[in-house]
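Asks: Next comes the structure file coords-v8.txt, holding compact mmCIF, C-alpha atoms and all ligand atoms.
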```txt
# COMPACT_ATOMS: atom_id res chain seq x y z
CA MET A 1 -94.58 160.57 -218.54
CA THR A 2 -95.89 163.60 -216.68
CA PHE A 3 -94.48 167.06 -217.27
CA THR A 4 -96.16 170.15 -215.86
CA VAL A 5 -95.74 173.72 -217.04
CA ALA A 6 -97.23 176.38 -214.73
CA ILE A 7 -97.92 179.79 -216.28
CA ASP A 8 -99.20 182.61 -214.07
CA GLY A 9 -99.65 186.33 -214.35
CA PRO A 10 -102.19 189.16 -214.36
CA ALA A 11 -105.05 189.51 -216.86
CA ALA A 12 -104.25 190.09 -220.54
CA ALA A 13 -100.47 189.65 -220.20
CA GLY A 14 -100.36 187.08 -222.99
CA LYS A 15 -100.65 183.92 -220.84
CA GLY A 16 -103.34 182.36 -223.01
CA THR A 17 -101.49 182.69 -226.30
CA ILE A 18 -98.21 181.59 -224.75
CA SER A 19 -99.81 178.61 -222.99
CA ARG A 20 -101.57 177.40 -226.13
CA GLY A 21 -98.37 177.89 -228.13
CA VAL A 22 -96.20 176.01 -225.64
CA ALA A 23 -98.75 173.18 -225.43
CA GLY A 24 -98.90 172.95 -229.23
CA LYS A 25 -95.12 172.97 -229.59
CA PHE A 26 -94.48 170.12 -227.14
CA GLY A 27 -97.71 168.17 -227.65
CA PHE A 28 -99.00 168.85 -224.12
CA GLU A 29 -102.64 169.42 -223.12
CA HIS A 30 -103.60 172.93 -222.01
CA LEU A 31 -105.97 174.02 -219.24
CA ASP A 32 -106.98 177.68 -218.99
CA THR A 33 -107.88 177.66 -215.30
CA GLY A 34 -109.48 181.11 -215.59
CA LEU A 35 -112.31 179.35 -217.43
CA LEU A 36 -113.17 177.40 -214.27
CA TYR A 37 -113.63 180.65 -212.35
CA ARG A 38 -115.43 182.28 -215.26
CA ALA A 39 -117.82 179.33 -215.51
CA THR A 40 -118.45 179.53 -211.76
CA GLY A 41 -118.98 183.30 -212.02
CA ARG A 42 -121.45 182.87 -214.88
CA ARG A 43 -123.48 180.37 -212.85
CA VAL A 44 -123.52 182.83 -209.94
CA LEU A 45 -124.77 185.61 -212.24
CA ARG A 46 -127.61 183.22 -213.10
CA GLY A 47 -128.48 182.83 -209.43
CA ASP A 48 -126.43 179.87 -208.15
CA ASP A 49 -124.57 179.79 -204.84
CA PRO A 50 -120.82 180.21 -205.56
CA VAL A 51 -119.54 177.12 -203.74
CA THR A 52 -122.32 174.89 -205.07
CA ALA A 53 -121.62 176.25 -208.55
CA ALA A 54 -117.89 175.51 -208.36
CA GLY A 55 -118.58 171.96 -207.18
CA ALA A 56 -121.14 171.30 -209.90
CA LEU A 57 -119.18 172.39 -213.00
CA GLN A 58 -119.65 170.19 -216.05
CA ALA A 59 -117.80 170.19 -219.38
CA GLU A 60 -120.55 172.26 -221.01
CA ASP A 61 -120.02 175.01 -218.43
CA LEU A 62 -116.75 175.79 -220.19
CA LEU A 63 -118.48 176.63 -223.47
CA GLY A 64 -119.98 179.89 -224.73
CA ASP A 65 -118.66 183.22 -225.98
CA ASP A 66 -120.16 185.07 -223.02
CA LEU A 67 -117.53 183.44 -220.77
CA ARG A 68 -115.14 186.04 -222.26
CA SER A 69 -117.30 189.08 -221.38
CA GLY A 70 -116.21 191.77 -218.94
CA GLU A 71 -119.21 191.06 -216.72
CA VAL A 72 -118.29 187.37 -216.38
CA ALA A 73 -114.61 188.27 -215.82
CA GLN A 74 -115.55 190.46 -212.87
CA ALA A 75 -117.88 187.78 -211.48
CA ALA A 76 -115.00 185.27 -211.86
CA SER A 77 -112.64 187.52 -209.95
CA ARG A 78 -115.19 187.91 -207.13
CA VAL A 79 -115.92 184.18 -206.73
CA ALA A 80 -112.17 183.47 -206.95
CA ALA A 81 -111.68 185.33 -203.67
CA ILE A 82 -113.86 182.78 -201.82
CA PRO A 83 -111.59 180.08 -200.31
CA ALA A 84 -114.25 177.33 -200.54
CA VAL A 85 -114.70 178.02 -204.26
CA ARG A 86 -110.95 177.65 -204.81
CA ALA A 87 -110.87 174.49 -202.71
CA ALA A 88 -113.64 172.95 -204.84
CA LEU A 89 -111.52 173.44 -207.98
CA VAL A 90 -108.11 172.28 -206.71
CA GLU A 91 -108.33 168.54 -207.32
CA PHE A 92 -109.53 168.86 -210.91
CA GLN A 93 -106.57 171.13 -211.71
CA ARG A 94 -104.03 168.87 -209.97
CA ALA A 95 -105.34 165.79 -211.77
CA PHE A 96 -105.06 167.64 -215.06
CA ALA A 97 -101.47 168.63 -214.24
CA ARG A 98 -100.56 164.97 -213.70
CA ARG A 99 -102.05 163.69 -216.93
CA ALA A 100 -99.82 161.47 -219.03
CA GLY A 101 -98.19 163.27 -221.94
CA GLY A 102 -97.62 166.63 -220.28
CA ALA A 103 -99.79 169.57 -219.28
CA VAL A 104 -99.72 173.36 -219.37
CA LEU A 105 -101.92 175.16 -216.85
CA ASP A 106 -102.31 178.91 -216.84
CA GLY A 107 -103.85 181.05 -214.13
CA ARG A 108 -102.87 183.04 -211.06
CA ASP A 109 -101.80 180.45 -208.46
CA ILE A 110 -100.57 177.51 -210.51
CA GLY A 111 -96.90 177.78 -209.58
CA THR A 112 -97.57 178.80 -205.99
CA VAL A 113 -100.55 176.66 -204.86
CA ILE A 114 -101.85 174.21 -207.47
CA CYS A 115 -98.53 172.82 -208.73
CA PRO A 116 -95.71 174.05 -206.50
CA ASP A 117 -93.57 171.19 -207.91
CA ALA A 118 -94.20 172.00 -211.58
CA ASP A 119 -91.30 171.15 -213.89
CA VAL A 120 -91.24 174.67 -215.34
CA LYS A 121 -92.84 177.87 -214.03
CA LEU A 122 -93.30 181.09 -215.95
CA TYR A 123 -94.68 184.37 -214.66
CA VAL A 124 -95.93 186.34 -217.66
CA THR A 125 -96.60 190.01 -217.19
CA ALA A 126 -96.76 193.34 -219.08
CA SER A 127 -97.35 196.97 -218.16
CA ASP A 128 -100.92 198.08 -217.37
CA ASP A 129 -101.11 200.17 -220.54
CA VAL A 130 -99.90 197.38 -222.80
CA ARG A 131 -102.29 194.85 -221.26
CA ALA A 132 -105.24 197.24 -221.55
CA GLU A 133 -104.43 198.04 -225.17
CA ARG A 134 -104.20 194.33 -226.08
CA ARG A 135 -107.46 193.47 -224.34
CA PHE A 136 -109.13 196.52 -225.90
CA GLN A 137 -108.12 195.39 -229.40
CA GLU A 138 -109.32 191.84 -228.68
CA LEU A 139 -112.70 193.02 -227.40
CA ARG A 140 -113.16 195.47 -230.29
CA ALA A 141 -112.31 192.73 -232.78
CA ALA A 142 -115.01 190.60 -231.13
CA GLY A 143 -117.51 193.43 -231.64
CA ALA A 144 -117.69 194.64 -228.01
CA ASP A 145 -118.67 198.27 -227.38
CA VAL A 146 -115.84 199.31 -225.02
CA THR A 147 -113.40 202.20 -224.58
CA LEU A 148 -109.72 201.90 -223.74
CA GLN A 149 -110.44 203.76 -220.51
CA SER A 150 -113.13 201.29 -219.44
CA VAL A 151 -110.88 198.31 -220.23
CA LEU A 152 -108.02 199.84 -218.24
CA ALA A 153 -110.31 200.46 -215.25
CA ASP A 154 -111.75 196.97 -215.48
CA LEU A 155 -108.32 195.30 -215.53
CA ALA A 156 -107.06 197.47 -212.66
CA GLU A 157 -110.05 196.54 -210.50
CA ARG A 158 -109.68 192.84 -211.25
CA ASP A 159 -105.88 192.82 -210.76
CA ALA A 160 -106.18 194.58 -207.41
CA ARG A 161 -108.76 192.07 -206.19
CA ASP A 162 -106.86 189.04 -207.56
CA ALA A 163 -103.50 190.15 -206.12
CA GLY A 164 -104.92 191.45 -202.85
CA ARG A 165 -107.01 188.49 -201.71
CA ASP A 166 -105.86 186.37 -198.76
CA THR A 167 -106.14 182.97 -200.47
CA ALA A 168 -103.88 182.17 -203.43
CA PRO A 169 -103.35 185.74 -204.68
CA THR A 170 -101.76 186.41 -208.07
CA LYS A 171 -98.09 186.01 -207.30
CA ARG A 172 -94.84 185.06 -208.97
CA ALA A 173 -93.42 181.85 -207.47
CA GLU A 174 -89.83 182.38 -206.38
CA ASP A 175 -88.62 179.84 -208.91
CA ALA A 176 -90.71 181.17 -211.82
CA PHE A 177 -89.02 182.62 -214.90
CA LEU A 178 -90.18 186.23 -215.29
CA LEU A 179 -91.34 187.02 -218.82
CA ASP A 180 -92.27 190.70 -219.27
CA THR A 181 -93.96 190.91 -222.65
CA SER A 182 -94.46 194.72 -222.65
CA GLY A 183 -91.96 195.50 -225.38
CA MET A 184 -92.26 192.18 -227.21
CA THR A 185 -94.39 190.87 -230.01
CA ILE A 186 -96.45 187.90 -228.94
CA LYS A 187 -94.41 185.80 -231.39
CA ALA A 188 -91.16 186.77 -229.64
CA ALA A 189 -92.70 186.15 -226.21
CA LEU A 190 -93.83 182.69 -227.28
CA ALA A 191 -90.38 181.90 -228.71
CA LYS A 192 -88.80 182.83 -225.36
CA ALA A 193 -91.29 180.69 -223.43
CA VAL A 194 -90.64 177.74 -225.75
CA GLN A 195 -86.90 178.17 -225.20
CA VAL A 196 -87.30 178.20 -221.39
CA VAL A 197 -89.58 175.14 -221.37
CA GLY A 198 -87.49 173.33 -223.97
CA ALA A 199 -84.30 173.73 -221.95
CA VAL A 200 -85.87 171.75 -219.09
CA TYR A 201 -87.89 169.33 -221.20
CA SER A 202 -84.93 168.27 -223.37
CA SER A 203 -82.84 167.64 -220.28
CA GLY A 204 -85.41 165.10 -219.13
CA GLY A 205 -87.38 167.29 -216.68
O1 LIG B 301 -107.37 184.37 -216.57
P1 LIG B 301 -108.78 184.97 -216.59
O2 LIG B 301 -108.78 186.45 -216.85
O3 LIG B 301 -109.69 184.23 -217.51
O4 LIG B 301 -109.36 184.74 -215.10
C1 LIG B 301 -110.61 185.22 -214.68
C2 LIG B 301 -110.58 185.43 -213.19
O5 LIG B 301 -110.45 184.18 -212.53
C3 LIG B 301 -109.41 186.28 -212.69
O6 LIG B 301 -109.77 187.65 -212.56
C4 LIG B 301 -109.06 185.67 -211.35
C5 LIG B 301 -109.59 184.27 -211.40
N1 LIG B 301 -108.56 183.24 -211.48
C6 LIG B 301 -107.97 182.84 -210.30
O7 LIG B 301 -108.26 183.39 -209.25
N2 LIG B 301 -107.07 181.81 -210.30
C7 LIG B 301 -106.71 181.21 -211.43
N3 LIG B 301 -105.84 180.20 -211.40
C8 LIG B 301 -107.26 181.64 -212.66
C9 LIG B 301 -108.17 182.67 -212.65
```
In structure tokens, how does this file's structure come out?
Ligand code: DC

Replies:
Amino acid sequence: MTFTVAIDGPAAAGKGTISRGVAGKFGFEHLDTGLLYRATGRRVLRGDDPVTAAGALQAEDLLGDDLRSGEVAQAASRVAAIPAVRAALVEFQRAFARRAGGAVLDGRDIGTVICPDADVKLYVTASDDVRAERRFQELRAAGADVTLQSVLADLAERDARDAGRDTAPTKRAEDAFLLDTSGMTIKAALAKAVQVVGAVYSSGG
């Protein structure tokens, strides 16, 4: 059995928590596709060519706390605007989506480009202020020396680049369920996502 859940949206909207939660609930595997771009960005920061880096990713590239840093996030957003980098990562993502037992992929272009035929699509978003506050708390908890203002500016810059690029910009697929988590606890947002996915999954896809 294959069953693909596509979850897209801007940075820090709650996609990661929701994707992991949905995967856990239904026993699907989860791929955070942002990690592929972050790993490519980190290699570029170390001096690699972006397209070569994307084509050479290995499992160990997806490890390391520094993948979560603001510097790597910005580098990821920049390499993600290069069409040849995106092309180098497409097949891995599509193969993952088709794996037996079900898959959840989260990113920016999963429902529009990577898996346009996904069984369920969600577009998870939240207001700029809510997203910045959540990311700020996360980074502070991890010991990062950041201000709310710097996090807000960083997210705004990344969102503008990710949504404004020509190839596979951040976009809600027409058939994606819109989940605005601004006024919701993450627990309530996850419960809603599970309900939306469950309604399709229990009806046999
Ligand atoms: O989801 P994230 O914040 O870890 O993603 C990091 C960057 O990678 C993001 O700014 C844009 C890019 N990205 C993308 O272009 N397409 C995806 N499917 C996932 C991430």

Asks: Can you work out the spacing between atom CA of Ala11 of chain A and atom CA of Gln137 of chain A in Å, to one decimal?

Replies: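 If I compute the distance from atom CA of Ala11 of chain A to atom CA of Gln137 of chain A, I get 14.2 Å.
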
Asks: Mind listing the residues within 9 Å of ligand LIG 301 (chain B), only C-alpha atoms and all ligand atoms counted, as a PyMOL selection string?

Replies: chain A and resi 8-12+15-16+32-38+41+67-68+72-81+86+105-110+114+155+158-159+161-163+168-170

Asks: Mind running segment 27-131 of chain A against segment 191-204 of chain A at 8 Å and telling me each contacting residue's nearest atom pair with the distance in Å (one decimal), counting all atoms listed in the file, chain and number ascending, as a Markdown table?

Replies:
```
| residue | atom | partner | partner_atom | distance |
| --- | --- | --- | --- | --- |
| A:Asp119 | CA | A:Val200 | CA | 7.5 |
| A:Val120 | CA | A:Val197 | CA | 6.3 |
| A:Leu122 | CA | A:Ala193 | CA | 7.8 |
```

Asks: What is the atom CA of Ser150 of chain A-atom CA of Gly70 of chain A distance in Å, reported with one decimal?

Replies: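 Rounded to one decimal, the two atoms are 10.0 Å apart.
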
Asks: Grab the atom CA of Val5 of chain A to atom CA of Val104 of chain A distance for me, in Å with one decimal place.

Replies: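 Between atom CA of Val5 of chain A and atom CA of Val104 of chain A the gap works out to 4.6 Å.
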
Asks: Show me, as a PyMOL selection string, the residues that have an atom within 12 Å of Ala142 of chain A when counting all atoms listed in the file, minus same-chain residues fewer than 5 positions from it.

Replies: chain A and resi 65-66+68-69+135-137

Asks: Counting only C-alpha atoms, figure out which residue out of A:Ala103, A:Ala95, A:Arg165, A:Asp180 gets nearest to Val22 of chain A.

Replies: A:Ala103

Asks: Name all residues at most 10 Å from segment 88-91 of chain A (count only C-alpha atoms; drop same-chain ones fewer than 4 positions away) and give them as number ranges by chain.

Replies: A: 33, 36-37, 40, 51-57, 83-84, 95-97, 110, 113-115

Asks: For Ala189 of chain A, which residue among A:Phe26, A:Phe92, A:Tyr123, A:Phe3 is the nearest when counting all atoms listed in the file?

Replies: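 For Ala189 of chain A, the nearest of the given residues is A:Tyr123.
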
Asks: Let me make sure I understand: among A:Arg46, A:Lys25, A:Arg134, A:Glu157, which one has the smallest atom-to-atom distance to Thr185 of chain A if we use all atoms listed in the file?

Replies: A:Arg134

Asks: Any idea what's packed within 12 Å of Met184 of chain A, counting all atoms listed in the file, ignoring anything in its chain fewer than 2 positions away? Could you give it as a PyMOL selection string?

Replies: chain A and resi 13-14+124-127+130-131+179-182+186-192

Asks: Write out as a PDB file with C-alpha atoms, in the coordinates of the input the residues lying within 7 Å of Leu148 of chain A, counting all atoms listed in the file and excluding same-chain residues fewer than 4 positions away.

Replies:
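Result went into selection-v2.pdb, see below:
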```
ATOM      1  CA  ALA A 132    -105.240 197.240-221.550  1.00  0.00           C
ATOM      2  CA  GLU A 133    -104.430 198.040-225.170  1.00  0.00           C
ATOM      3  CA  PHE A 136    -109.130 196.520-225.900  1.00  0.00           C
ATOM      4  CA  LEU A 152    -108.020 199.840-218.240  1.00  0.00           C
TER       5      LEU A 152
END
```

Asks: The centre and edge lengths of an axis-aligned box containing all atoms of segment 135-151 of chain A present in the file, extended by 4 Å on each side, are to be given in Å to one decimal, as JSON.

Replies:
```
{"center_x": -113.1, "center_y": 197.2, "center_z": -226.1, "size_x": 19.2, "size_y": 21.2, "size_z": 21.3}
```

Asks: Kindly indicate which residue among A:Val151, A:Asp129, A:Arg99, A:Pro116 lies nearest to Glu174 of chain A, using only C-alpha atoms for the distances.

Replies: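 Using only C-alpha atoms, Glu174 of chain A sits closest to A:Pro116.
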
Asks: Looking at only C-alpha atoms, which of A:Ala141, A:Val85, A:Ala153, A:Val146 is the one that sits closest to Asp49 of chain A?

Replies: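 Looking only at the distances to Asp49 of chain A, the closest residue turns out to be A:Val85.
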
Asks: Give as a ChimeraX atom specification each residue that has an atom at most 7 Å from (-97.5, 165.0, -222.4) in the file, counting all atoms listed in the file.

Replies: /A:1-3,27-29,100-103

Asks: Tell me which of A:Gly164, A:Gly21, A:Leu62, A:His30 sits closest to Arg43 of chain A, counting only C-alpha atoms.

Replies: A:Leu62

Asks: Return segment 170-196 of chain A, completed with N, CA, C and O atoms, as an mmCIF file, in the coordinates of the input.

Replies:
```
data_model
loop_
_atom_site.group_PDB
_atom_site.id
_atom_site.type_symbol
_atom_site.label_atom_id
_atom_site.label_comp_id
_atom_site.auth_asym_id
_atom_site.auth_seq_id
_atom_site.Cartn_x
_atom_site.Cartn_y
_atom_site.Cartn_z
ATOM 1 N N THR A 170 -102.654 186.401 -206.913
ATOM 2 C CA THR A 170 -101.760 186.410 -208.070
ATOM 3 C C THR A 170 -100.353 186.721 -207.569
ATOM 4 O O THR A 170 -100.140 187.756 -206.938
ATOM 5 N N LYS A 171 -99.424 185.815 -207.847
ATOM 6 C CA LYS A 171 -98.090 186.010 -207.300
ATOM 7 C C LYS A 171 -97.082 185.209 -208.113
ATOM 8 O O LYS A 171 -97.365 184.094 -208.537
ATOM 9 N N ARG A 172 -95.900 185.784 -208.282
ATOM 10 C CA ARG A 172 -94.840 185.060 -208.970
ATOM 11 C C ARG A 172 -94.212 184.088 -207.973
ATOM 12 O O ARG A 172 -93.777 184.498 -206.889
ATOM 13 N N ALA A 173 -94.130 182.805 -208.329
ATOM 14 C CA ALA A 173 -93.420 181.850 -207.470
ATOM 15 C C ALA A 173 -91.941 182.219 -207.516
ATOM 16 O O ALA A 173 -91.448 182.728 -208.533
ATOM 17 N N GLU A 174 -91.249 181.973 -206.438
ATOM 18 C CA GLU A 174 -89.830 182.380 -206.380
ATOM 19 C C GLU A 174 -89.001 181.760 -207.496
ATOM 20 O O GLU A 174 -88.053 182.359 -207.984
ATOM 21 N N ASP A 175 -89.388 180.542 -207.887
ATOM 22 C CA ASP A 175 -88.620 179.840 -208.910
ATOM 23 C C ASP A 175 -89.236 179.969 -210.306
ATOM 24 O O ASP A 175 -88.927 179.179 -211.194
ATOM 25 N N ALA A 176 -90.106 180.971 -210.491
ATOM 26 C CA ALA A 176 -90.710 181.170 -211.820
ATOM 27 C C ALA A 176 -89.842 182.092 -212.672
ATOM 28 O O ALA A 176 -89.324 183.098 -212.181
ATOM 29 N N PHE A 177 -89.733 181.760 -213.951
ATOM 30 C CA PHE A 177 -89.020 182.620 -214.900
ATOM 31 C C PHE A 177 -89.914 183.817 -215.204
ATOM 32 O O PHE A 177 -91.085 183.648 -215.553
ATOM 33 N N LEU A 178 -89.383 185.023 -215.060
ATOM 34 C CA LEU A 178 -90.180 186.230 -215.290
ATOM 35 C C LEU A 178 -90.119 186.616 -216.768
ATOM 36 O O LEU A 178 -89.039 186.870 -217.302
ATOM 37 N N LEU A 179 -91.273 186.651 -217.402
ATOM 38 C CA LEU A 179 -91.340 187.020 -218.820
ATOM 39 C C LEU A 179 -92.203 188.273 -218.944
ATOM 40 O O LEU A 179 -93.433 188.200 -218.865
ATOM 41 N N ASP A 180 -91.545 189.433 -219.098
ATOM 42 C CA ASP A 180 -92.270 190.700 -219.270
ATOM 43 C C ASP A 180 -92.450 190.932 -220.757
ATOM 44 O O ASP A 180 -91.484 191.165 -221.480
ATOM 45 N N THR A 181 -93.690 190.860 -221.213
ATOM 46 C CA THR A 181 -93.960 190.910 -222.650
ATOM 47 C C THR A 181 -94.268 192.327 -223.143
ATOM 48 O O THR A 181 -94.671 192.492 -224.293
ATOM 49 N N SER A 182 -94.074 193.343 -222.288
ATOM 50 C CA SER A 182 -94.460 194.720 -222.650
ATOM 51 C C SER A 182 -93.890 195.170 -223.993
ATOM 52 O O SER A 182 -94.604 195.674 -224.835
ATOM 53 N N GLY A 183 -92.585 194.994 -224.155
ATOM 54 C CA GLY A 183 -91.960 195.500 -225.380
ATOM 55 C C GLY A 183 -91.783 194.429 -226.435
ATOM 56 O O GLY A 183 -91.000 194.594 -227.365
ATOM 57 N N MET A 184 -92.484 193.313 -226.304
ATOM 58 C CA MET A 184 -92.260 192.180 -227.210
ATOM 59 C C MET A 184 -93.492 191.923 -228.069
ATOM 60 O O MET A 184 -94.612 192.156 -227.630
ATOM 61 N N THR A 185 -93.253 191.398 -229.261
ATOM 62 C CA THR A 185 -94.390 190.870 -230.010
ATOM 63 C C THR A 185 -94.782 189.560 -229.328
ATOM 64 O O THR A 185 -93.962 188.957 -228.614
ATOM 65 N N ILE A 186 -96.000 189.132 -229.572
ATOM 66 C CA ILE A 186 -96.450 187.900 -228.940
ATOM 67 C C ILE A 186 -95.648 186.713 -229.501
ATOM 68 O O ILE A 186 -95.382 185.736 -228.804
ATOM 69 N N LYS A 187 -95.215 186.854 -230.762
ATOM 70 C CA LYS A 187 -94.410 185.800 -231.390
ATOM 71 C C LYS A 187 -93.062 185.654 -230.659
ATOM 72 O O LYS A 187 -92.616 184.540 -230.362
ATOM 73 N N ALA A 188 -92.453 186.793 -230.335
ATOM 74 C CA ALA A 188 -91.160 186.770 -229.640
ATOM 75 C C ALA A 188 -91.332 186.234 -228.217
ATOM 76 O O ALA A 188 -90.482 185.486 -227.711
ATOM 77 N N ALA A 189 -92.441 186.620 -227.579
ATOM 78 C CA ALA A 189 -92.700 186.150 -226.210
ATOM 79 C C ALA A 189 -92.885 184.631 -226.199
ATOM 80 O O ALA A 189 -92.360 183.928 -225.327
ATOM 81 N N LEU A 190 -93.605 184.143 -227.194
ATOM 82 C CA LEU A 190 -93.830 182.690 -227.280
ATOM 83 C C LEU A 190 -92.505 181.966 -227.536
ATOM 84 O O LEU A 190 -92.230 180.932 -226.920
ATOM 85 N N ALA A 191 -91.678 182.539 -228.404
ATOM 86 C CA ALA A 191 -90.380 181.900 -228.710
ATOM 87 C C ALA A 191 -89.540 181.799 -227.436
ATOM 88 O O ALA A 191 -88.877 180.786 -227.182
ATOM 89 N N LYS A 192 -89.563 182.837 -226.610
ATOM 90 C CA LYS A 192 -88.800 182.830 -225.360
ATOM 91 C C LYS A 192 -89.350 181.750 -224.422
ATOM 92 O O LYS A 192 -88.587 180.994 -223.793
ATOM 93 N N ALA A 193 -90.668 181.687 -224.315
ATOM 94 C CA ALA A 193 -91.290 180.690 -223.430
ATOM 95 C C ALA A 193 -90.940 179.281 -223.898
ATOM 96 O O ALA A 193 -90.609 178.405 -223.079
ATOM 97 N N VAL A 194 -90.975 179.060 -225.197
ATOM 98 C CA VAL A 194 -90.640 177.740 -225.750
ATOM 99 C C VAL A 194 -89.191 177.386 -225.426
ATOM 100 O O VAL A 194 -88.871 176.247 -225.061
ATOM 101 N N GLN A 195 -88.328 178.389 -225.502
ATOM 102 C CA GLN A 195 -86.900 178.170 -225.200
ATOM 103 C C GLN A 195 -86.722 177.775 -223.722
ATOM 104 O O GLN A 195 -85.986 176.827 -223.403
ATOM 105 N N VAL A 196 -87.426 178.480 -222.827
ATOM 106 C CA VAL A 196 -87.300 178.200 -221.390
ATOM 107 C C VAL A 196 -87.839 176.793 -221.072
ATOM 108 O O VAL A 196 -87.200 176.015 -220.348
#
```
